[in-house]
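Quick look at entry-v9.txt (compact mmCIF, C-alpha atoms):
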# COMPACT_ATOMS: atom_id res chain seq x y z
CA MET A 1 93.23 107.79 74.46
CA ALA A 2 96.50 105.90 74.67
CA ASP A 3 97.94 104.23 71.63
CA SER A 4 96.72 100.62 71.63
CA HIS A 5 100.28 99.51 70.83
CA THR A 6 101.74 101.10 73.98
CA MET A 7 103.07 98.42 76.29
CA PRO A 8 102.69 99.16 80.01
CA GLU A 9 106.32 98.23 80.73
CA LEU A 10 107.44 101.08 78.45
CA LEU A 11 105.56 103.74 80.40
CA ASP A 12 107.46 105.96 82.82
CA GLU A 13 106.63 106.58 86.47
CA SER A 14 104.52 109.67 85.78
CA ASP A 15 102.01 107.15 84.42
CA VAL A 16 100.24 105.03 87.06
CA ILE A 17 100.74 101.83 85.08
CA GLY A 18 104.50 102.39 84.70
CA LEU A 19 104.68 103.22 88.40
CA LEU A 20 102.81 100.08 89.48
CA ILE A 21 104.89 97.85 87.21
CA ARG A 22 108.04 99.32 88.80
CA GLN A 23 106.55 98.52 92.21
CA HIS A 24 106.01 94.93 91.09
CA ALA A 25 109.76 94.74 90.35
CA MET A 26 110.58 96.27 93.75
CA ILE A 27 108.33 93.70 95.45
CA ARG A 28 110.17 90.86 93.66
CA ASP A 29 113.50 92.34 94.80
CA LEU A 30 112.28 92.55 98.40
CA PHE A 31 111.18 88.91 98.29
CA ASP A 32 114.75 88.06 97.19
CA GLU A 33 116.14 90.14 100.05
CA VAL A 34 113.90 88.46 102.66
CA GLU A 35 114.81 85.00 101.34
CA ARG A 36 118.56 85.72 101.64
CA ALA A 37 118.45 87.46 105.02
CA VAL A 38 118.72 85.87 108.46
CA GLY A 39 117.84 86.92 112.00
CA GLY A 40 117.17 90.60 112.57
CA ALA A 41 117.98 91.47 108.96
CA ARG A 42 115.24 89.09 107.80
CA ALA A 43 112.73 90.72 110.14
CA GLU A 44 113.67 94.22 108.83
CA SER A 45 113.46 93.12 105.19
CA PHE A 46 110.12 91.42 105.80
CA GLU A 47 108.79 94.58 107.48
CA ARG A 48 109.73 96.63 104.38
CA LEU A 49 108.08 94.01 102.16
CA VAL A 50 104.89 94.11 104.24
CA ARG A 51 104.81 97.91 104.03
CA LEU A 52 105.32 98.01 100.27
CA LEU A 53 102.70 95.31 99.69
CA ALA A 54 100.24 97.17 101.93
CA ILE A 55 100.84 100.46 100.14
CA HIS A 56 100.76 98.92 96.68
CA GLU A 57 97.55 96.98 97.20
CA THR A 58 95.81 99.87 98.96
CA ALA A 59 96.75 102.24 96.12
CA GLU A 60 95.36 99.79 93.60
CA GLU A 61 92.14 99.32 95.59
CA GLU A 62 91.60 103.06 96.06
CA ILE A 63 92.77 104.38 92.69
CA VAL A 64 93.26 101.79 89.95
CA HIS A 65 90.46 99.28 90.54
CA PRO A 66 87.67 101.90 90.55
CA TYR A 67 88.91 103.20 87.18
CA ALA A 68 89.17 99.65 85.83
CA ARG A 69 85.59 98.87 86.88
CA ARG A 70 84.34 101.83 84.83
CA ALA A 71 86.78 101.90 81.93
CA ILE A 72 87.35 98.35 80.73
CA ASP A 73 85.02 95.74 79.28
CA GLY A 74 84.13 93.26 81.99
CA GLY A 75 85.84 95.52 84.52
CA ASP A 76 83.82 94.28 87.48
CA ALA A 77 84.84 90.66 86.87
CA VAL A 78 88.50 91.58 86.32
CA VAL A 79 88.65 93.65 89.51
CA ASP A 80 86.71 91.12 91.60
CA GLU A 81 89.21 88.41 90.66
CA ARG A 82 92.17 90.68 91.57
CA LEU A 83 90.51 91.49 94.92
CA ARG A 84 90.02 87.79 95.63
CA GLU A 85 93.73 87.19 94.97
CA GLU A 86 94.69 90.16 97.15
CA ASN A 87 92.51 88.93 100.01
CA GLU A 88 94.14 85.48 99.98
CA ALA A 89 97.59 87.07 100.10
CA LYS A 90 96.55 89.44 102.91
CA GLN A 91 95.36 86.53 105.05
CA LEU A 92 98.69 84.71 104.63
CA LEU A 93 100.60 87.93 105.29
CA GLU A 94 98.70 88.51 108.55
CA LEU A 95 99.46 84.94 109.68
CA MET A 96 103.16 85.33 108.83
CA GLU A 97 103.38 88.60 110.68
CA GLN A 98 101.69 87.13 113.77
CA ARG A 99 104.10 84.19 113.84
CA GLY A 100 107.22 86.21 113.05
CA THR A 101 110.22 85.57 110.82
CA ASP A 102 111.81 83.10 113.25
CA ASP A 103 108.84 80.72 113.04
CA PRO A 104 109.83 77.38 111.43
CA SER A 105 106.96 77.73 108.92
CA PHE A 106 108.18 81.16 107.74
CA PRO A 107 110.23 79.99 104.71
CA THR A 108 107.37 77.79 103.45
CA HIS A 109 104.81 80.55 103.93
CA LEU A 110 107.15 83.08 102.30
CA GLN A 111 107.46 80.90 99.21
CA LYS A 112 103.68 80.44 99.06
CA LEU A 113 103.15 84.21 99.47
CA ARG A 114 105.72 84.98 96.79
CA LEU A 115 104.07 82.65 94.27
CA ALA A 116 100.64 84.16 95.00
CA VAL A 117 101.89 87.75 94.77
CA GLU A 118 103.82 87.14 91.54
CA GLU A 119 100.86 85.37 89.93
CA HIS A 120 98.62 88.24 91.02
CA ALA A 121 101.03 90.82 89.53
CA ARG A 122 101.13 88.97 86.19
CA ALA A 123 97.32 88.83 86.12
CA GLU A 124 97.09 92.56 86.89
CA GLU A 125 99.52 93.44 84.13
CA ARG A 126 97.79 91.19 81.60
CA TYR A 127 94.09 91.63 82.38
CA GLU A 128 93.84 95.02 84.05
CA PHE A 129 96.82 97.27 83.30
CA SER A 130 97.07 96.56 79.57
CA LYS A 131 93.36 97.31 79.15
CA LEU A 132 93.56 100.47 81.27
CA VAL A 133 96.32 101.82 79.03
CA ARG A 134 94.01 101.47 76.04
CA GLU A 135 90.90 102.82 77.75
CA THR A 136 92.21 105.80 79.73
CA SER A 137 93.92 109.00 78.72
CA ASP A 138 97.49 109.93 79.55
CA ALA A 139 96.10 112.69 81.79
CA GLU A 140 93.89 110.24 83.72
CA ARG A 141 96.83 107.91 84.31
CA ARG A 142 99.06 110.83 85.41
CA THR A 143 96.39 111.89 87.90
CA MET A 144 96.14 108.34 89.26
CA ALA A 145 99.94 108.27 89.62
CA ILE A 146 99.82 111.25 91.99
CA GLY A 147 97.75 109.28 94.49
CA VAL A 148 99.97 106.20 94.18
CA LYS A 149 103.13 108.31 94.65
CA ALA A 150 101.68 109.88 97.80
CA ALA A 151 101.17 106.40 99.20
CA GLU A 152 104.54 105.15 97.98
CA ALA A 153 106.34 108.01 99.72
CA LEU A 154 105.23 106.44 103.00
CA ALA A 155 106.98 103.12 102.34
CA PRO A 156 110.71 103.48 101.77
CA THR A 157 112.11 100.14 100.63
CA HIS A 158 115.41 100.84 102.36
CA PRO A 159 115.72 102.15 105.92
CA HIS A 160 116.32 105.87 106.29
CA PRO A 161 117.74 106.67 109.75
CA GLY A 162 116.10 109.64 111.39
CA VAL A 163 112.81 109.35 109.52
CA GLU A 164 110.72 108.30 112.47
CA SER A 165 107.97 110.93 112.90
CA ALA A 166 104.65 110.69 111.06
CA THR A 167 105.74 108.13 108.48
CA LYS A 168 106.74 105.66 111.16
CA ASN A 169 103.47 106.20 112.99
CA ILE A 170 101.49 105.50 109.82
CA LEU A 171 103.44 102.34 109.05
CA VAL A 172 103.26 100.49 112.36
CA GLY A 173 100.88 97.71 113.26
CA THR A 174 99.34 94.90 111.26
CA PRO A 175 99.14 95.01 107.46
CA THR A 176 95.41 95.78 107.81
CA ALA A 177 96.08 98.72 110.15
CA ILE A 178 98.76 100.05 107.77
CA MET A 179 96.33 99.76 104.84
CA ASP A 180 93.68 101.69 106.74
CA ARG A 181 96.05 104.59 107.45
CA VAL A 182 97.45 104.58 103.90
CA ARG A 183 93.88 104.60 102.54
CA ASP A 184 93.28 107.84 104.47
CA VAL A 185 96.44 109.43 103.03
CA ILE A 186 95.48 108.41 99.48
CA ARG A 187 91.96 109.75 99.84
CA GLN A 188 93.25 113.07 101.20
CA THR A 189 95.76 113.35 98.33
CA VAL A 190 93.19 112.49 95.65
CA ALA A 191 90.68 114.96 97.15
CA LYS A 192 93.36 117.69 97.18
CA THR A 193 94.34 116.88 93.56
CA LYS A 194 90.72 117.23 92.45
CA LYS A 195 90.47 120.66 94.13
CA ASP A 196 93.65 121.99 92.46

As structure tokens, please, write out the structure in this file.
Amino acid sequence: MADSHTMPELLDESDVIGLLIRQHAMIRDLFDEVERAVGGARAESFERLVRLLAIHETAEEEIVHPYARRAIDGGDAVVDERLREENEAKQLLELMEQRGTDDPSFPTHLQKLRLAVEEHARAEERYEFSKLVRETSDAERRTMAIGVKAAEALAPTHPHPGVESATKNILVGTPTAIMDRVRDVIRQTVAKTKKD
């Protein structure tokens, strides 16, 4: 088991908790980028934010939350509350995407989304991640990180010209459609990891 004094923010990216905490920082940076951008640049930044949020939340739902349900005291209640928060954010995200970044309500909705996402991230780190560090082994968290990294590889936070192919096809459509395709990739990766 992990040392009970280990703080999640000190873990590296081979550990699922360190990886997810880094993603929380990337999400905050993308919110900053969307807030500063205008016109087409805002739409591109928002698209990257939507992709990273979709990948991050799907990875948590598929990999982290199931472990938390089993491994931590009161895990069901902790996970159910995180899922409720995620669902509220998803609904707002879908609305924002339907209306587009030029909609007059976009800045207000973006601020509301940012507050919800940041509050959710703090709750995850405090109530779920810190307990998972204490209740799971280093090897379990490294295995979970493999699935999260497979999902993360699909969502570059900065555009990479020429990378259209399969990644682009997976990451088009609504946040819900993206999550469905990412869920398939995560499940295939986890299944392969278990066979190896």

Which residues of stretch 29-73 of chain A have any atom within 10 Å of an atom in stretch 102-105 of chain A when counting only C-alpha atoms, and what is the closest pair of atoms for each, with the distance in Å to one decimal? Order the rows by chain and rising number and write it as a Markdown table.
| residue | atom | partner | partner_atom | distance |
| --- | --- | --- | --- | --- |
| A:Val38 | CA | A:Asp102 | CA | 8.9 |
| A:Gly39 | CA | A:Asp102 | CA | 7.2 |
| A:Gly40 | CA | A:Asp102 | CA | 9.2 |
| A:Arg42 | CA | A:Asp102 | CA | 8.8 |
| A:Ala43 | CA | A:Asp102 | CA | 8.3 |

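Here the question is which of A:Asp138, A:Glu128, A:Glu88, A:Asp29 gets nearest to A:Asp76 using all atoms listed in the file, and that residue is A:Glu128.
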
Q: Work out how far apart atom CA of A:Tyr67 and atom CA of A:Glu86 are and give it in Å to one decimal.
A: 17.4 Å

(Q) I'd like the interatomic distance between atom CA of A:Ala71 and atom CA of A:Glu57, to a tenth of an Å. (A)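 Atom CA of A:Glu57 lies 19.3 Å from atom CA of A:Ala71.
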
Q. Between A:Ala68, A:Val79, A:Leu110, A:Ile146, which has the minimum distance to A:Phe46 (counting all atoms listed in the file)?
A.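 Checking each of A:Ala68, A:Val79, A:Leu110, A:Ile146 against A:Phe46, counting all atoms listed in the file, the winner is A:Leu110.
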
Q) Which residue gives the smallest distance to A:Arg122 among A:Met179, A:Glu85, A:Met144, A:Glu47, with all atoms listed in the file counted? A)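 Ranked by minimum distance to A:Arg122, first place goes to A:Glu85.
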
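Counting all atoms listed in the file, the residue from A:Glu60, A:Glu44, A:Asp32, A:Glu81 that sits nearest to A:Lys149 is A:Glu60.
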
Sort by chain and increasing residue number a table of all residues of stretch 16-80 of chain A within 10 Å of stretch 132-137 of chain A, each with its closest pair of atoms and their distance in Å to one decimal, counting all atoms listed in the file, and write it as JSON lines.
{"residue": "A:Val16", "atom": "CA", "partner": "A:Val133", "partner_atom": "CA", "distance": 9.5}
{"residue": "A:Ile17", "atom": "CA", "partner": "A:Val133", "partner_atom": "CA", "distance": 7.5}
{"residue": "A:Gly18", "atom": "CA", "partner": "A:Val133", "partner_atom": "CA", "distance": 10.0}
{"residue": "A:Val64", "atom": "CA", "partner": "A:Leu132", "partner_atom": "CA", "distance": 8.8}
{"residue": "A:His65", "atom": "CA", "partner": "A:Leu132", "partner_atom": "CA", "distance": 9.8}
{"residue": "A:Tyr67", "atom": "CA", "partner": "A:Leu132", "partner_atom": "CA", "distance": 8.0}
{"residue": "A:Ala68", "atom": "CA", "partner": "A:Leu132", "partner_atom": "CA", "distance": 6.4}
{"residue": "A:Arg69", "atom": "CA", "partner": "A:Leu132", "partner_atom": "CA", "distance": 9.9}
{"residue": "A:Arg70", "atom": "CA", "partner": "A:Glu135", "partner_atom": "CA", "distance": 9.7}
{"residue": "A:Ala71", "atom": "CA", "partner": "A:Glu135", "partner_atom": "CA", "distance": 5.9}
{"residue": "A:Ile72", "atom": "CA", "partner": "A:Glu135", "partner_atom": "CA", "distance": 6.4}
{"residue": "A:Asp73", "atom": "CA", "partner": "A:Glu135", "partner_atom": "CA", "distance": 9.3}
{"residue": "A:Gly75", "atom": "CA", "partner": "A:Leu132", "partner_atom": "CA", "distance": 9.7}

Coordinates of box centre and edge lengths for stretch 181-189 of chain A, 3 Å on every side, axis-aligned, as lines of an AutoDock Vina configuration file:
center_x = 94.7
center_y = 109.0
center_z = 102.9
size_x = 11.5
size_y = 14.8
size_z = 15.1

Which neighbours of A:Lys192 fall inside 12 Å, counting all atoms listed in the file, when residues of the same chain fewer than 3 positions from it are skipped, and could you give them as a PDB file with C-alpha atoms, in the frame of the given file?
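Saved result, part35.pdb, follows:
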ATOM      1  CA  THR A 143      96.390 111.890  87.900  1.00  0.00           C
ATOM      2  CA  ILE A 146      99.820 111.250  91.990  1.00  0.00           C
ATOM      3  CA  GLY A 147      97.750 109.280  94.490  1.00  0.00           C
ATOM      4  CA  ALA A 150     101.680 109.880  97.800  1.00  0.00           C
ATOM      5  CA  VAL A 185      96.440 109.430 103.030  1.00  0.00           C
ATOM      6  CA  ILE A 186      95.480 108.410  99.480  1.00  0.00           C
ATOM      7  CA  ARG A 187      91.960 109.750  99.840  1.00  0.00           C
ATOM      8  CA  GLN A 188      93.250 113.070 101.200  1.00  0.00           C
ATOM      9  CA  THR A 189      95.760 113.350  98.330  1.00  0.00           C
ATOM     10  CA  LYS A 195      90.470 120.660  94.130  1.00  0.00           C
ATOM     11  CA  ASP A 196      93.650 121.990  92.460  1.00  0.00           C
TER      12      ASP A 196
END

Q: Calculate how many Å separate atom CA of A:Ile21 from atom CA of A:Arg126, rounding to one decimal.
A: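 Taking atom CA of A:Ile21 as the start and atom CA of A:Arg126 as the end point, the length is 11.2 Å.
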
Q: Have a look at A:Leu95, A:Arg82, A:Ile178, A:Asp184 and name the one nearest to A:His120; count all atoms listed in the file.
A: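 Closest candidate: A:Arg82.
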
Q: Could you please give me, as a VMD selection string, the residues of protein, DNA or RNA lying at most 12 Å from (106.9, 94.1, 101.9) in the coordinate frame of the file, considering only C-alpha atoms?
A: chain A and resid 23 to 34 42 to 57 89 to 90 93 to 94 96 to 97 110 113 to 114 117 152 155 to 158 171 175 178

Q: Would you mind telling me which residue in A:Ala37, A:Ile63, A:Ala191, A:Gly74 lies nearest to A:Arg142 when using only C-alpha atoms?
A: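 Ranked by minimum distance to A:Arg142, first place goes to A:Ile63.
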